[in-house]
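Chemist: Questions regarding the structure given below will be posed in turn.
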There are 2 protein chains.
Amino acid sequence: MKRFEADVYRKRVADLRRRMKELDIDAYYVVTDDFHASEYVGDYFKCREFLSGFDGSAGEMIVTADEARLWTDGRYFLQAADQLEGTGIQLMKMGEKDVPRIPDYLAKTLTPHSCLAYDGRTVSNAAAEEIEKALADKAMVYRTDVDLVGGLWTDRPALSAEPAWLLDEKYTGESRMSKLARVRKEMEKLNCEAHIIASLDDIAWLYQLRGNDVAYNPVVLSYSVVLKDKAVLYVNEAVISSEVRGALEADGVELRPYNNIYGDLEKLVDGMSVLLDKKKSNRALYKCIPVSCKVEDHSSPVTLFKACKTPTEVQNEREAHIQDGVAVTKICYYLKTRLQGSEELKNGKVTELDVSEHLLNFRKERPGFIEQSFEPIIATGAHGAIVHYEPTEETNAKIENNTFLLMDTGGQYYQGTTDITRTVLLGEGTEEMKRNFTAVLRGHLNLADAVFKKGVTGVNLDILARSPLWELGLDYNHGTGHGVGYLLNVHEGPQGVRLRDAGGKIGAPFEEGMITSDEPGVYLTGKYGIRTENLMACVKKGSSEFGEFLGFEMLTMVPYDLDAILPEMLSEHEKELLNAYHKKVRETLSQYLTAEENAWLEKATRAI
Amino acid sequence: MKRFEADVYRKRVADLRRRMKELDIDAYYVVTDDFHASEYVGDYFKCREFLSGFDGSAGEMIVTADEARLWTDGRYFLQAADQLEGTGIQLMKMGEKDVPRIPDYLAKTLTPHSCLAYDGRTVSNAAAEEIEKALADKAMVYRTDVDLVGGLWTDRPALSAEPAWLLDEKYTGESRMSKLARVRKEMEKLNCEAHIIASLDDIAWLYQLRGNDVAYNPVVLSYSVVLKDKAVLYVNEAVISSEVRGALEADGVELRPYNNIYGDLEKLVDGMSVLLDKKKSNRALYKCIPVSCKVEDHSSPVTLFKACKTPTEVQNEREAHIQDGVAVTKICYYLKTRLQGSEELKNGKVTELDVSEHLLNFRKERPGFIEQSFEPIIATGAHGAIVHYEPTEETNAKIENNTFLLMDTGGQYYQGTTDITRTVLLGEGTEEMKRNFTAVLRGHLNLADAVFKKGVTGVNLDILARSPLWELGLDYNHGTGHGVGYLLNVHEGPQGVRLRDAGGKIGAPFEEGMITSDEPGVYLTGKYGIRTENLMACVKKGSSEFGEFLGFEMLTMVPYDLDAILPEMLSEHEKELLNAYHKKVRETLSQYLTAEENAWLEKATRAI
């Protein structure tokens, strides 16, 4: 079987090489992204998997006449080695010593005047520019208008074409026309006559449109160009109902076929000034813009507008988090009163996927729930220490006793997007486990309690969450917080909470209405993982002659596991924060819970 | 008199214009810096003052055939307006609306093919490049080899020529040869064959040389070029004794006349790779390097080496801070027991300069004391709210009762450099004053208490000092901390504690041995200022599977004024920090104090 499979990929690489030879292409580059650098890619875009058999979520290939190599990161070294066996494709372990990065490999491998080709719709400007820089002295030819793997892929799945739908203004608090007017005002400030947008969540926000073309992200495959007097939405017109079309056209939005943007850009008026965020758009789009146009490479005003939720959106998010809190509190109730101490648990009858399913069912009962906002992480014991662990049929483990169960899940609601992590102690925990849990909770509470001056970024704030861990010689190898969309992507920019932003920068300042996660953790390989995560809305705290001050409001409404806390580690102020939060959770959720659940909640949120 | 003075400057500008005409120069640029961008400039370098009469510490001029303009910042608007009156020189108020910056002014004023000239030894590469960028489309001619103001200045003061002296290895803990070897190793890593150094403190550190050519900075006017097999020190040979020369030459250091570096750089071998920190070197140096050479624009390895004090230096700094602490504690004793409540104070017999002199006399009694490390800030009442206030004969105020006296002073000792601020309450203080004092102290203590992972920068840490102020709607408009040299400049890089570094960057990470100030404050205009400042050494705190952890050790040894503290605002942990510090101060200083002073210290450092 294995042997047979490997031969399939050998043949595909050979077919690709034949086609490269016909077109005088010396190297072909295959990446993982879709045309919009989405976090998840649909089956249509899985060219690298089609060509190599490797199906991890990250990996890039270079094929030349003599060599085929695949680069991936540490998460996938074992899986890739296994899946590439016998294919003739060489695994390049990124980050390991003596493993060159792709630009350096190309610089060493290709002779002057070679031709490098790739599907420019799937490659980022940053990656393309890095390659061009490394090959600057080679007088290279670049072809970005070919999709050679697509050409070989006879049974390629179709592009996703899920129906688009309109998000009512009662959810967004702002009309499409108002949003377009704000974008045009920013374009004017930047002296730009056209603004090209390729990121799907930016487009969904701007046009109050939602869909289902990317897993967990309720977006519609599309591009957009905003001009002074009209806006063009490039989209598969089959997914647009007459109602949607009518609403868009009434606001001056012209619909054009999805792929027409490339040809349309080539016809932009000479000398036009064009706003384009090169980081958030693919190489082909950029290449289509006539050289006579002036490209202003600047983040889209939509990115910041989208991040700053309207008061209506914030109020809706509060609602979504109450409903979501009911579902997650119900699973906590189940875990702590039904599963904990049960024969079922001791006999290993309940698995991670069982818990995942229970929780999904609780969410499905909540009004406004649409779908999950990302693949659930339900991780027992040592699985919790694998930061990106997601249970699958292959890895699914029995819930263990006397250890932590880490649950990082979320939902998409009409009232917003949720993302919550609770780590629950089942059975007995050691002092060390409780010490670490309490340290994580202290960091989590202290970040949420911050009052800070306008202009402050997540790079300034991050230490508030890490300090209690650092005091114990602990740390976590991920950011402390990410922005979250409104019924959109669970990860969005521009703000975040981390020690350093890309390029050693301090990142984007917090602004009122931004929704951000607060999720410190501790991960002990082979033992357990702890993470505690709430979403917080950035709110005004007051102003004085010294400036405006901001802070956070907890949106998430689910108790922390008091059984895992060492109260003596908390300062008086931290105890007050904890007790006040638990009181609010209890008062907010009780009306949605059964008498038994409320009896438990009373205890689970008692003041300590 | 005024009239007469203004005519002097009118004539000087006219003379300059005549000379410009002779040399076909359309615009002449005069700045404030010396040849080394030192923090203070000697009289020799005061060309702008000679030309305009304006003697503030910041100001730049552009003179054209028709116009003479002087740019300065908000601190000097009043003074400059006064001093420029009648000179025909137009004041440009930097930062005000519609006031162009110099590059923009030049771009609007100069016609194509104009000639802009300046003394390239006094202009930074950054300023020159900004001007060249703004004038990029003008096909300009630049002359950087002229000193036209110097040519008019017949009675110009001589360049400082104070004797240089050697700092013994018992103070530095490292030999000159070892330092040179470390620099050469870094040069090799950067593939550089020559390293040009122009910053005086970097040169002083490298050659274990000290002098007195810049106020408060014990440095020697010099340049240096380090090569693989030798090092050249460009210095006025008259300041080098035979003993100093002998020690330098024994370590392979060649001495050459100060100004010869410019000619020598022009003769660098074609194709040589040269390490030069453009930010820390003047335009003329850069322009002298043959175009065939490759300039690696990178911070000098000396900058980081110098910042990371050796264990010997840290131990010496502890000593210096004990001696300095004795002097400052003696002034506190005087203020709180002799001045406070006295008729002298009530009758306004004691001035800021009196206190300054008392303190200097206490310092002069301490072993190892050389000079003050900066101009003392002794500020009573509302003067304390002016962040850069320094008492002079003109501003000198009587010490007021029932308000704060802010004292920010420091010393240069053979054992290191000190910088300390204590704010002392004289008489009665209001609740608000004590609340603000306590908030500043909380920030000060919390920053010093930080434990953080290696890699963390001051941008990550700054919030620890500001949080207690922000909670009250307060803030301070300066950084929280700066690096401090070892018997060198009281301000040195690369580390610092602030919310953002230049260019929105996160700045340099802390490393073991760095010495940094911790100085939050509150300034209420027209009322009072509070600042509390200690120096701290960065020390190892431990390591684990999660990394190495660092923290701070307080070097400064002087009590905080307990009379100004509201104990109920402090957490238990903050009280422990305060009491532990005071206990250490008491135990460390008592042997150097009189019985009366110790009796007071006992009370001033009591546990609360």
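By order in the structure tokens, chains are A, B, ...; within a chain, residues start at 1; ligands start at 1, following the order shown.
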With a distance cut-off of 7 Å and only C-alpha atoms, select the neighbouring residues of range 303-305 of chain A, excluding the residue or stretch itself and same-chain residues fewer than 3 positions from it, and output the selection as a list in words.
Modeler: Asp202, Ser300, Cys308, Gly493 and Pro494 of chain A
Chemist: Would you list the contacts of range 3-14 of chain A as an mmCIF file with all heavy atoms, in the first residue's frame, taking every protein, DNA or RNA residue within 6 Å and counting only C-alpha atoms, but skipping same-chain residues closer than 3 positions in sequence?
Modeler:
data_model
loop_
_atom_site.group_PDB
_atom_site.id
_atom_site.type_symbol
_atom_site.label_atom_id
_atom_site.label_comp_id
_atom_site.auth_asym_id
_atom_site.auth_seq_id
_atom_site.Cartn_x
_atom_site.Cartn_y
_atom_site.Cartn_z
ATOM 1 N N ARG A 17 7.535 17.935 -13.780
ATOM 2 C CA ARG A 17 8.827 18.250 -14.417
ATOM 3 C C ARG A 17 8.690 18.295 -15.949
ATOM 4 O O ARG A 17 9.299 19.142 -16.604
ATOM 5 C CB ARG A 17 9.885 17.205 -14.032
ATOM 6 C CG ARG A 17 10.355 17.374 -12.600
ATOM 7 C CD ARG A 17 11.590 16.530 -12.319
ATOM 8 N NE ARG A 17 12.109 16.824 -10.992
ATOM 9 C CZ ARG A 17 12.266 15.916 -10.011
ATOM 10 N NH1 ARG A 17 11.962 14.643 -10.231
ATOM 11 N NH2 ARG A 17 12.741 16.291 -8.836
ATOM 12 N N LEU A 51 0.674 16.944 -4.562
ATOM 13 C CA LEU A 51 1.958 16.672 -5.210
ATOM 14 C C LEU A 51 2.858 15.777 -4.368
ATOM 15 O O LEU A 51 3.630 14.993 -4.907
ATOM 16 C CB LEU A 51 2.670 18.017 -5.470
ATOM 17 C CG LEU A 51 3.910 18.006 -6.352
ATOM 18 C CD1 LEU A 51 3.562 17.541 -7.768
ATOM 19 C CD2 LEU A 51 4.535 19.398 -6.393
ATOM 20 N N SER A 52 2.732 15.863 -3.041
ATOM 21 C CA SER A 52 3.709 15.190 -2.169
ATOM 22 C C SER A 52 3.112 14.103 -1.281
ATOM 23 O O SER A 52 3.827 13.251 -0.778
ATOM 24 C CB SER A 52 4.375 16.220 -1.258
ATOM 25 O OG SER A 52 3.417 16.693 -0.307
ATOM 26 N N GLY A 86 9.760 7.179 0.222
ATOM 27 C CA GLY A 86 9.642 6.517 -1.079
ATOM 28 C C GLY A 86 9.201 7.424 -2.205
ATOM 29 O O GLY A 86 9.148 7.012 -3.365
ATOM 30 N N THR A 87 8.871 8.667 -1.910
ATOM 31 C CA THR A 87 8.375 9.569 -2.958
ATOM 32 C C THR A 87 9.514 10.231 -3.722
ATOM 33 O O THR A 87 9.294 10.849 -4.760
ATOM 34 C CB THR A 87 7.534 10.722 -2.356
ATOM 35 O OG1 THR A 87 8.378 11.474 -1.467
ATOM 36 C CG2 THR A 87 6.330 10.202 -1.603
#
Chemist: Hey, what's within 7 Å of range 24-35 of chain B if we count only C-alpha atoms and toss same-chain stuff fewer than 4 positions away? As a list in words, please?
Modeler: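 Contacts, with the query itself left out: Met20, Val41, Phe45, Lys46, Arg48, Ala58, Gly59, Glu60, Met61, Ile62, Val63, Thr64, Ala65, Ser114, Cys115, Leu116, Ala117, Tyr118, Arg121, Thr122, Val123 and Asn282 of chain B.
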Chemist: Just to be explicit: take each residue in the selection above, keep N, CA, C and O atoms, and write the result as a PDB file, in the first residue's frame.
Modeler:
ATOM      1  N   MET B  20      29.789  82.994   2.278  1.00  0.00           N
ATOM      2  CA  MET B  20      29.000  82.038   1.499  1.00  0.00           C
ATOM      3  C   MET B  20      29.014  82.407   0.021  1.00  0.00           C
ATOM      4  O   MET B  20      29.164  81.547  -0.852  1.00  0.00           O
ATOM      5  N   VAL B  41      28.262  70.244  25.156  1.00  0.00           N
ATOM      6  CA  VAL B  41      29.301  70.697  24.225  1.00  0.00           C
ATOM      7  C   VAL B  41      30.159  71.770  24.890  1.00  0.00           C
ATOM      8  O   VAL B  41      29.677  72.618  25.636  1.00  0.00           O
ATOM      9  N   PHE B  45      32.718  74.660  20.637  1.00  0.00           N
ATOM     10  CA  PHE B  45      31.727  74.196  19.656  1.00  0.00           C
ATOM     11  C   PHE B  45      30.497  75.096  19.560  1.00  0.00           C
ATOM     12  O   PHE B  45      29.587  74.815  18.794  1.00  0.00           O
ATOM     13  N   LYS B  46      30.455  76.191  20.312  1.00  0.00           N
ATOM     14  CA  LYS B  46      29.205  76.958  20.389  1.00  0.00           C
ATOM     15  C   LYS B  46      29.054  77.951  19.238  1.00  0.00           C
ATOM     16  O   LYS B  46      28.863  79.161  19.439  1.00  0.00           O
ATOM     17  N   ARG B  48      26.610  78.144  17.033  1.00  0.00           N
ATOM     18  CA  ARG B  48      25.253  78.673  16.903  1.00  0.00           C
ATOM     19  C   ARG B  48      25.040  79.856  17.844  1.00  0.00           C
ATOM     20  O   ARG B  48      24.439  80.872  17.475  1.00  0.00           O
ATOM     21  N   ALA B  58      19.646  73.546  22.902  1.00  0.00           N
ATOM     22  CA  ALA B  58      19.227  72.922  21.640  1.00  0.00           C
ATOM     23  C   ALA B  58      18.802  74.008  20.666  1.00  0.00           C
ATOM     24  O   ALA B  58      18.045  74.920  21.040  1.00  0.00           O
ATOM     25  N   GLY B  59      19.284  73.937  19.433  1.00  0.00           N
ATOM     26  CA  GLY B  59      18.901  74.931  18.436  1.00  0.00           C
ATOM     27  C   GLY B  59      19.749  74.763  17.192  1.00  0.00           C
ATOM     28  O   GLY B  59      20.934  74.450  17.272  1.00  0.00           O
ATOM     29  N   GLU B  60      19.134  74.914  16.027  1.00  0.00           N
ATOM     30  CA  GLU B  60      19.862  74.772  14.777  1.00  0.00           C
ATOM     31  C   GLU B  60      19.489  75.936  13.872  1.00  0.00           C
ATOM     32  O   GLU B  60      18.384  76.462  13.942  1.00  0.00           O
ATOM     33  N   MET B  61      20.429  76.335  13.022  1.00  0.00           N
ATOM     34  CA  MET B  61      20.183  77.490  12.146  1.00  0.00           C
ATOM     35  C   MET B  61      20.390  77.146  10.687  1.00  0.00           C
ATOM     36  O   MET B  61      21.233  76.321  10.346  1.00  0.00           O
ATOM     37  N   ILE B  62      19.628  77.825   9.839  1.00  0.00           N
ATOM     38  CA  ILE B  62      19.890  77.824   8.399  1.00  0.00           C
ATOM     39  C   ILE B  62      20.020  79.288   7.983  1.00  0.00           C
ATOM     40  O   ILE B  62      19.138  80.103   8.283  1.00  0.00           O
ATOM     41  N   VAL B  63      21.111  79.597   7.302  1.00  0.00           N
ATOM     42  CA  VAL B  63      21.305  80.944   6.769  1.00  0.00           C
ATOM     43  C   VAL B  63      21.359  80.858   5.246  1.00  0.00           C
ATOM     44  O   VAL B  63      22.108  80.042   4.697  1.00  0.00           O
ATOM     45  N   THR B  64      20.517  81.646   4.587  1.00  0.00           N
ATOM     46  CA  THR B  64      20.593  81.773   3.124  1.00  0.00           C
ATOM     47  C   THR B  64      20.886  83.242   2.817  1.00  0.00           C
ATOM     48  O   THR B  64      21.035  84.062   3.730  1.00  0.00           O
ATOM     49  N   ALA B  65      20.951  83.576   1.535  1.00  0.00           N
ATOM     50  CA  ALA B  65      21.245  84.963   1.161  1.00  0.00           C
ATOM     51  C   ALA B  65      20.180  85.913   1.709  1.00  0.00           C
ATOM     52  O   ALA B  65      20.475  87.058   2.064  1.00  0.00           O
ATOM     53  N   SER B 114      21.377  74.026  -6.122  1.00  0.00           N
ATOM     54  CA  SER B 114      21.923  74.876  -5.058  1.00  0.00           C
ATOM     55  C   SER B 114      23.032  74.134  -4.322  1.00  0.00           C
ATOM     56  O   SER B 114      23.166  72.917  -4.434  1.00  0.00           O
ATOM     57  N   CYS B 115      23.791  74.923  -3.557  1.00  0.00           N
ATOM     58  CA  CYS B 115      24.823  74.322  -2.709  1.00  0.00           C
ATOM     59  C   CYS B 115      24.465  74.549  -1.244  1.00  0.00           C
ATOM     60  O   CYS B 115      24.289  75.678  -0.800  1.00  0.00           O
ATOM     61  N   LEU B 116      24.345  73.424  -0.496  1.00  0.00           N
ATOM     62  CA  LEU B 116      24.151  73.486   0.954  1.00  0.00           C
ATOM     63  C   LEU B 116      25.468  73.083   1.608  1.00  0.00           C
ATOM     64  O   LEU B 116      26.056  72.067   1.234  1.00  0.00           O
ATOM     65  N   ALA B 117      25.916  73.873   2.564  1.00  0.00           N
ATOM     66  CA  ALA B 117      27.186  73.573   3.220  1.00  0.00           C
ATOM     67  C   ALA B 117      27.022  73.538   4.725  1.00  0.00           C
ATOM     68  O   ALA B 117      26.123  74.175   5.280  1.00  0.00           O
ATOM     69  N   TYR B 118      27.874  72.775   5.364  1.00  0.00           N
ATOM     70  CA  TYR B 118      27.923  72.738   6.825  1.00  0.00           C
ATOM     71  C   TYR B 118      29.218  72.053   7.239  1.00  0.00           C
ATOM     72  O   TYR B 118      29.882  71.413   6.421  1.00  0.00           O
ATOM     73  N   ARG B 121      31.618  67.671  10.509  1.00  0.00           N
ATOM     74  CA  ARG B 121      32.054  67.045  11.770  1.00  0.00           C
ATOM     75  C   ARG B 121      31.018  67.226  12.877  1.00  0.00           C
ATOM     76  O   ARG B 121      31.057  66.543  13.887  1.00  0.00           O
ATOM     77  N   THR B 122      30.102  68.180  12.673  1.00  0.00           N
ATOM     78  CA  THR B 122      29.128  68.484  13.731  1.00  0.00           C
ATOM     79  C   THR B 122      27.718  67.974  13.415  1.00  0.00           C
ATOM     80  O   THR B 122      26.825  68.084  14.256  1.00  0.00           O
ATOM     81  N   VAL B 123      27.546  67.430  12.195  1.00  0.00           N
ATOM     82  CA  VAL B 123      26.204  67.031  11.768  1.00  0.00           C
ATOM     83  C   VAL B 123      26.113  65.508  11.753  1.00  0.00           C
ATOM     84  O   VAL B 123      27.024  64.828  11.274  1.00  0.00           O
ATOM     85  N   ASN B 282      29.816  61.253  12.935  1.00  0.00           N
ATOM     86  CA  ASN B 282      29.379  62.429  12.184  1.00  0.00           C
ATOM     87  C   ASN B 282      29.469  62.215  10.675  1.00  0.00           C
ATOM     88  O   ASN B 282      30.052  61.241  10.188  1.00  0.00           O
TER      89      ASN B 282
END
Chemist: Using only C-alpha atoms for the distances, tell me which of B:Asn402, B:Ser299, B:Gln90, B:Ser544 is nearest to Glu471 in chain A.
Modeler: B:Ser544
Chemist: Using only C-alpha atoms, which protein or nucleic acid residues come within 9 Å of Leu268 in chain A? Drop anything in the same chain fewer than 3 positions from it, and give the result as a count of residues only.
Modeler: 7
Chemist: Any idea which chain B residues end up within 7 Å of chain A if we count only C-alpha atoms, as a list in words please?
Modeler: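 On the chain B side, the interface is Val451, Phe452, Lys453, Val459, Asn460, Leu461, Ile463, Ser467, Trp470, Glu471, Gly473, Leu474, Asp475, Leu499, Arg500, Gly504, Lys505, Ile506, Ser543, Ser544 and Phe546 of chain B.
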